[in-house]
Amino acid sequence: MRRTLFAALGLLFLSGANVGLAQQGRPTTPPPSGNGELRGVITAAEGNTPLQHAGVAVRSAVDSVLVAGAITGENGAFQIRGLRPGAYYLRVTLIGFGPQRREFTITPAAPTADVGTIAMARVAVALQGVEVVEDRPTITIEPDRNTYRAKDVAPAAGNASEVLDAVPSVQVDGEGKVSLRGNENVAIQINGRPAPIRGPQLAAYLKGLPANIVERIEVIPNPSAKYDPDGMAGILNIVLRQDADLGLSTGLNLGVAETDRYNASGNVGYQSGPLTIFSNLGVYADDREIEGINDRERFDAVRSLISVTSQDIDGRTGGKGQNLSTTVDYRLTPKDVLSNVLSINRRHGNDGQVSNYVELDESRTPVDYYNRPRNTDTRGLMFDYTLAHKRTIEPRKHELASELRFNHSHDEDGSVFWKQPLTSGGSASGFPIEGENNFTDAITRQFTAQLDYTRPLGANLKLETGYKGNARLLDRDFRVETDSTGDGTWTRSDLSNAFEFDETVHAAYGVLSRSAGKVQLQAGLRAEHADRNFALVNATEDFPYKYTSLFPSGVIMYSPSQATQMKVSYSRRIRRPGTQELNPFPSFFDLQNVFIGNPELNPEYTDAIELGLSRTGKLGSIQFSPFYRHTTDVIRVDINTADTVNLREVTSITFQNLATSNSWGADLNGSLRFGQKFSGFTSFNVFKMVTDGGSESAVGSSAVTWTARFNGTSQLTQTFAVQASYFYRAPMNIERGRFEAFQGMQFSMRKKLNGDKAVVGLRLNDPFNTNRLRVNVGDDNVQQLTVRRFGVRSAWLTFQFNYGQAPKVREPRPEQPTNTTPTFP
C-alpha cells in the first residue's frame with residue numbers, strides 16, 4: 001500500500017506541471033450556487049477608455065442583500081458566475097466617478113445576462129476619510145452548509161476555539177473538546193483540509209490559532225462523497241484569511257486576562273505581480289484553576305452501603321504555545337498557480353493538582369486521610385507542509401487541482417503521582433509513598449496525496465472526480481516507574497508498553513450535479529480501501545484489520561423562489577477507532593480512573609438523512625432542519641466502577657462495539673437584523689438517541705436532550721458595540737450514567753479607534769460562574785459523582801490594530817470550498 005501511495009505522489013507532480021488561476025476581473029465574494037452568469041464592461045464616459053479596479057456589487061432585487069461582487073480587469077471587463085434564477089441589480093463604484101446602477105434578471109431559459117458597456121462620468125471628489133461598510137450577512141445558508149462570519153458571531157474572541165464555541169449547534173467544553181449537535185465525533189478542517197493535529201492535542205492547537213485570521217466557520221452536517229467520510233456528526237471547516245491586497249498590509253491582535261493568561265498575534269500580507277504572501281505568528285498562554293470532586297459509594301448485594309471515598313480536587317492547568325502559518329502563492333501563467341502552505345506549532349502544558357481523600361466506613365465515619373499530588377508536563381512540536389497546484393481552464397467549471405502534504409508531530413507527556421498520608425487535621429503524617437512516574441513519547445508522520453478534477457458534461461451537468469491517498473504512522477512508547485515505599489528506588493512497572501500504529505487509506509470518488517429549472521440534483525459515491533495494523537512491541541502481538549467501504553451521497557434541492565429553499569440530503573460516514581481506544585494497556589488519568597482500550601474494535605458507520613427548509617427576508621433568515629442518523633457497530637464507552645487494575649480499586653473505562661444507535665431530532669436556526677442597530681441569531685436543537693447493546697450486552701441507553709443558544713449584538717454608535725451570548729444544554733442520559741445540565745454565558749463590548757484601524761474591547765467569560773460539568777455514573781455495586789469547574793470565568797482586555805490595506809478575498813482555492821454541494825455549471 002505504501003509503494004502505491006508514493007507512486008501516486010510522483011504522478012501528481014507530473015499531472016500538475018502547469019497550474020494556475022484565470023484572470024478576467026477579480027471576484028470579491030465567494031460565488032453563490034447557481035448556473036447564471038453576468039458580464040459587462042465598465043468605461044469612462046469621456047473617451048470611452050476602460051476603467052480598471054471598478055467595484056461591481058450584485059444585490060437581490062427582493063431584499064437588497066449582497067449576493068456577489070467583482071473588480072474589473074485591465075480591459076474594464078467583469079464576469080460573475082454562479083447566480084441563481086431571480087431578479088437582481090448591480091451597482092458600479094469607483095473613486096472619482098459617479099456610481100451607476102443597472103437591473104437584470106437570470107432565468108433558466110436565459111441564464112446569461114450581458115449588461116454591455118456601462119459608462120461612468122467623472123465627478124469632483126473631496127479627499128477625506130472614507131468608511132467602507134460591507135453589508136454581508138452574519139449567516140449564509142447554502143445547500144450543504146451554514147456559514148458564519150467569525151467577526152460577527154465572536155467579535156471579541158481570542159482564538160479559533162472561542163470562535164467555534166460561539167457558532168450555533170457547536171460546543172467547546174472546558175477541556176477544549178469540540179462537538180456538533182452534542183456529538184464529539186466531528187471532523188475539524190482548516191481551509192478544507194483535515195486539521196494537522198488530532199486527538200487531545202487538537203484542543204491546544206485551536207487555542208493557539210489567533211481569532212483575527214479566522215474569516216468564517218462552515219458547518220457541514222451532511223457532506224457529499226467528495227469529502228473524507230470521517231466525522232460522524234459532519235465537518236466544521238475553519239476558513240482562514242490568506243489573501244493580501246495590492247501592496248503591504250499588517251495586523252496586530254492582543255488579549256490579556258492576567259499574567260499567565262494572554263494571547264498575541266501579528267500578520268503580514270504582501271501582493272505584487274504574480275506573488276502573494278500571507279503569514280501569521282501567534283503566541284498564547286492559558287493558566288487556569290481547576291476544582292472538583294470524585295465521590296464513590298460502594299454497596300453490597302442488597303444495596304447496603306459498605307464504604308465511601310470522598311475526593312476533593314484542587315489544582316491549576318496551563319498551556320503555552322506558538323503557531324506560525326505562511327501561505328505563498330505564485331501565478332506561473334494566466335491559468336496556473338502554485339501554492340505553498342506551511343504551519344509550525346509548538347506547545348507546552350502543565351497540569352498540577354492535589355486530590356485530598358477521606359475514606360469513610362458504612363456509617364460515614366472517617367477512617368483514613370491522605371492526599372495524592374499529581375504533576376503532568378506535556379510538550380509538542382508539529383510541522384505541516386502542503387504543496388498544491390491548480391490549473392483553471394474555466395473557473396469552477398473545468399479545473400484540475402493536486403496537492404502533496406506532509407505532517408510530522410512529536411508529543412511528550414510526563415506525569416508524577418504520590419500518596420501523602422495525613423492526620424485528621426490535614427497535616428502530613430510520615431513520608432510520601434506509592435510514587436508513580438508515567439512518561440509518553442509519541443511520533444506521528446503522515447503523508448497525503450490528492451488529485452481533483454472538475455469538468456462540465458453538457459449544458460446543465462457537471463462531474464467532480466478525484467483520488468486521495470493517506471498514510472499515517474505512529475510510534476508510541478509508554479514507560480511506568482513506581483516507588484511504593486517512597487525511599488527513592490524506582491522500578492519499571494508491568495504497565496509499561498510500546499506500540500506501533502500504521503494506517504493507509506486509498507479513496508476515489510465521483511459526484512454528478514445537475515440543474516433542471518428550480519430543481520438541483522446531486523449524486524455521489526466514494527470508495528475506500530483501508531488497512532490498519534496495531535502492533536504491541538513488547539508483547540510482539542499484532543492486530544491487523546483491512547476493510548473496504550462505500551460512501552454514497554445525494555442532494556435534492558427545490559427553490560420555489562430566490563428567498564426559499566427546500567432540500568433533502570443523504571450521506572454515509574465512518575468513525576475509525578483512535579489509538580487510545582485500541583491500546584489494551586491501562587492508561588491512568590488519575591489514581592482512581594483508567595482507560596483500557598480494545599484492539600478488536602471495528603469502525604462504526606452512520607447513515608444520515610437530513611431535510612431542510614430555509615427562508616430569507618429583509619429582516620433575516622430562518623432555517624428548519626430535521627435529521628435522522630442510524631449507526632451500526634457503534635463504539636461506546638463501557639464503564640466499570642468496581643474494577644481492579646495494578647492492585648488498585650478503580651473505575652475503568654473501556655470501549656466496545658454495540659449493536660446499533662439511532663438518533664433523530666431537528667435544528668432551528670434564525671437570524672434577525674434591524675438596520676445597523678441590532679443583529680442576532682438564535683438556535684434550538686433537540687434530539688433523541690437510542691443505543692442498543694445487542695442481545696449479549698446490558699449496555700444501552702435511551703435519552704432525549706436539547707440545546708439552545710442566543711447571540712445578540714447592538715451597535716449603539718458607529719464606533720461602539722456590545723454583544724451577549726448564552727448557551728444551555730439540558731441533562732442527558734448516557735450508558736450507565738447521566739450528564740447534568742450545562743450552561744455558559746459571555747458578554748463583550750468593543751470600541752473602534754482611528755476609523756477602522758484599531759479596536760479595543762472587553763470580554764467577560766462565564767461572569768456568573770455557571771460553567772460546570774457534573775456526571776453521575778455507576779451500577780448496583782458502585783456509584784460515582786464527578787464534578788469539575790475548568791476555570792473558564794475571566795475578564796479579557798483585547799486590542800486589534802491594522803495597517804495598510806485590509807486583505808480582500810480572491811477567487812477561492814480548492815482547499816477553501818464555498819459551495820460544493822451542489823455547484824452547477
# chains A, B, ... in the order shown; residues from 1 in each chain; ligands from 1
$ residues_around --residues "Gly86 of chain A" --least-positions-apart "3" --cutoff "10 Å" --atoms "only C-alpha atoms" --output "list in words"
Gly36, Ser60, Ala61, Val62, Leu83, Phe104, Thr105, Ile106, Thr107, Pro108, Pro111, Ser561, Gln562 and Ala563 of chain A
$ write_last_selection --atoms "all heavy atoms" --output "short mmCIF file (atom, residue, chain, number, x, y, z; two decimals), in the first residue's frame"
data_model
loop_
_atom_site.label_atom_id
_atom_site.label_comp_id
_atom_site.auth_asym_id
_atom_site.auth_seq_id
_atom_site.Cartn_x
_atom_site.Cartn_y
_atom_site.Cartn_z
N GLY A 36 -26.22 30.78 -13.31
CA GLY A 36 -26.36 32.03 -14.02
C GLY A 36 -25.05 32.80 -14.09
O GLY A 36 -24.15 32.63 -13.27
N SER A 60 -29.71 41.36 -4.44
CA SER A 60 -31.04 40.83 -4.73
C SER A 60 -32.04 41.98 -4.84
O SER A 60 -32.05 42.89 -4.01
CB SER A 60 -31.47 39.86 -3.63
OG SER A 60 -32.85 39.57 -3.73
N ALA A 61 -32.88 41.94 -5.86
CA ALA A 61 -33.91 42.96 -6.00
C ALA A 61 -35.00 42.82 -4.96
O ALA A 61 -35.76 43.75 -4.72
CB ALA A 61 -34.53 42.89 -7.41
N VAL A 62 -35.07 41.66 -4.28
CA VAL A 62 -36.11 41.42 -3.28
C VAL A 62 -35.78 42.10 -1.96
O VAL A 62 -36.60 42.81 -1.38
CB VAL A 62 -36.30 39.90 -3.07
CG1 VAL A 62 -37.33 39.64 -1.97
CG2 VAL A 62 -36.74 39.24 -4.37
N LEU A 83 -24.88 32.64 -10.34
CA LEU A 83 -26.12 33.29 -9.93
C LEU A 83 -27.31 32.36 -10.12
O LEU A 83 -27.44 31.69 -11.15
CB LEU A 83 -26.34 34.58 -10.71
CG LEU A 83 -25.26 35.66 -10.54
CD1 LEU A 83 -25.52 36.82 -11.47
CD2 LEU A 83 -25.20 36.14 -9.09
N PHE A 104 -31.20 43.59 -13.80
CA PHE A 104 -31.16 42.48 -14.75
C PHE A 104 -31.83 41.27 -14.12
O PHE A 104 -32.09 41.24 -12.90
CB PHE A 104 -29.72 42.15 -15.15
CG PHE A 104 -28.87 41.62 -14.03
CD1 PHE A 104 -28.69 40.25 -13.85
CD2 PHE A 104 -28.23 42.48 -13.15
CE1 PHE A 104 -27.92 39.76 -12.82
CE2 PHE A 104 -27.45 42.01 -12.12
CZ PHE A 104 -27.30 40.64 -11.95
N THR A 105 -32.11 40.25 -14.93
CA THR A 105 -32.82 39.05 -14.48
C THR A 105 -32.12 37.80 -15.02
O THR A 105 -31.67 37.79 -16.17
CB THR A 105 -34.28 39.06 -14.96
OG1 THR A 105 -34.93 40.23 -14.46
CG2 THR A 105 -35.02 37.82 -14.45
N ILE A 106 -32.02 36.79 -14.18
CA ILE A 106 -31.50 35.49 -14.57
C ILE A 106 -32.66 34.49 -14.58
O ILE A 106 -33.41 34.39 -13.59
CB ILE A 106 -30.40 35.00 -13.61
CG1 ILE A 106 -29.22 35.97 -13.60
CG2 ILE A 106 -29.95 33.59 -13.96
CD1 ILE A 106 -28.45 36.02 -14.89
N THR A 107 -32.84 33.77 -15.67
CA THR A 107 -33.89 32.75 -15.76
C THR A 107 -33.27 31.44 -16.25
O THR A 107 -32.19 31.45 -16.86
CB THR A 107 -35.00 33.18 -16.74
OG1 THR A 107 -34.45 33.25 -18.06
CG2 THR A 107 -35.58 34.53 -16.35
N PRO A 108 -33.93 30.29 -16.00
CA PRO A 108 -33.41 29.02 -16.54
C PRO A 108 -33.27 29.03 -18.05
O PRO A 108 -32.35 28.42 -18.60
CB PRO A 108 -34.44 27.99 -16.07
CG PRO A 108 -35.07 28.60 -14.85
CD PRO A 108 -35.11 30.08 -15.13
N PRO A 111 -29.85 32.02 -18.84
CA PRO A 111 -29.01 32.09 -17.64
C PRO A 111 -27.89 33.12 -17.72
O PRO A 111 -27.22 33.36 -16.71
CB PRO A 111 -28.45 30.67 -17.54
CG PRO A 111 -28.42 30.18 -18.95
CD PRO A 111 -29.60 30.80 -19.63
N SER A 561 -38.61 30.02 -4.88
CA SER A 561 -38.29 31.42 -5.11
C SER A 561 -36.85 31.65 -4.65
O SER A 561 -36.23 30.77 -4.05
CB SER A 561 -39.24 32.34 -4.33
OG SER A 561 -39.02 32.22 -2.93
N GLN A 562 -36.33 32.83 -4.94
CA GLN A 562 -34.97 33.13 -4.54
C GLN A 562 -34.83 33.16 -3.02
O GLN A 562 -33.75 32.91 -2.49
CB GLN A 562 -34.54 34.48 -5.14
CG GLN A 562 -33.06 34.79 -4.91
CD GLN A 562 -32.67 36.12 -5.51
OE1 GLN A 562 -33.51 36.86 -6.00
NE2 GLN A 562 -31.38 36.42 -5.49
N ALA A 563 -35.90 33.44 -2.30
CA ALA A 563 -35.84 33.57 -0.86
C ALA A 563 -36.13 32.26 -0.13
O ALA A 563 -35.97 32.19 1.09
CB ALA A 563 -36.80 34.64 -0.39
#
$ residues_around --residues "Thr386 of chain A" --least-positions-apart "3" --cutoff "12 Å" --atoms "only C-alpha atoms" --output "ChimeraX atom specification"
/A:191,193-194,196,325-329,338-344,383,389,402-407,446-450,815
$ closest_residue --among "A:Leu611, A:Ala721, A:Ala157, A:Ile42" --to "Asn765 of chain A" --atoms "only C-alpha atoms"
A:Ala157
$ atom_distance --atom1 "atom CA of Leu613 of chain A" --atom2 "atom CA of Thr564 of chain A"
7.5 Å
$ select_by_dssp --residues "segment 33-248 of chain A" --states "strand (DSSP E or B)" --output "ChimeraX atom specification"
/A:36-44,50,55-60,66-71,77-83,86-94,97-106,112-120,122,139-141,146-149,159,170-172,178-180,183,187-190,193-194,210,214-220,230,235-240,247-248
$ residues_around --residues "Val172 of chain A" --least-positions-apart "3" --cutoff "10 Å" --atoms "only C-alpha atoms" --output "list in words"
Ser161, Glu162, Val163, Leu164, Asp165, Ala166, Val167, Glu175, Gly176, Lys177, Val178, Ser179, Leu180, Glu184 and Ala203 of chain A
$ residues_around --residues "Asp260 of chain A" --least-positions-apart "3" --cutoff "8 Å" --atoms "only C-alpha atoms" --output "PDB file with C-alpha atoms, in the first residue's frame"
ATOM      1  CA  ALA A 285      -0.760  31.265  27.454  1.00  0.00           C
ATOM      2  CA  ASP A 286      -3.763  29.865  29.309  1.00  0.00           C
ATOM      3  CA  ASP A 287      -3.272  29.146  33.007  1.00  0.00           C
TER       4      ASP A 287
END
$ residues_around --residues "Leu762 of chain A" --least-positions-apart "6" --cutoff "10 Å" --atoms "only C-alpha atoms" --output "PyMOL selection string"
chain A and resi 156+255-257+722+747-751+795-799
$ write_last_selection --atoms "C-alpha atoms" --output "tab-separated table (two decimals), in the first residue's frame"
chain	number	residue	atom	x	y	z
A	156	ALA	CA	-14.03	39.61	20.99
A	255	GLY	CA	-5.63	39.95	24.57
A	256	VAL	CA	-4.86	39.62	28.28
A	257	ALA	CA	-6.80	38.41	31.32
A	722	VAL	CA	-21.97	45.40	22.79
A	747	PHE	CA	-20.53	39.45	27.40
A	748	SER	CA	-18.31	41.72	25.32
A	749	MET	CA	-18.02	45.31	24.20
A	750	ARG	CA	-15.74	46.92	21.64
A	751	LYS	CA	-14.81	50.44	20.60
A	795	ALA	CA	-12.21	39.09	32.08
A	796	TRP	CA	-10.21	39.84	28.92
A	797	LEU	CA	-8.95	43.16	27.60
A	798	THR	CA	-8.35	42.99	23.82
A	799	PHE	CA	-6.75	45.28	21.25
$ residues_around --residues "Val775 of chain A" --least-positions-apart "4" --cutoff "7 Å" --atoms "only C-alpha atoms" --output "MDAnalysis selection string"
chainID A and resid 738:740 785:787
$ atom_distance --atom1 "atom CA of Asn159 of chain A" --atom2 "atom CA of Ile190 of chain A"
13.7 Å
$ select_by_dssp --residues "segment 134-216 of chain A" --states "alpha helix (DSSP H)" --output "ChimeraX atom specification"
/A:150-153,160-165,201-207
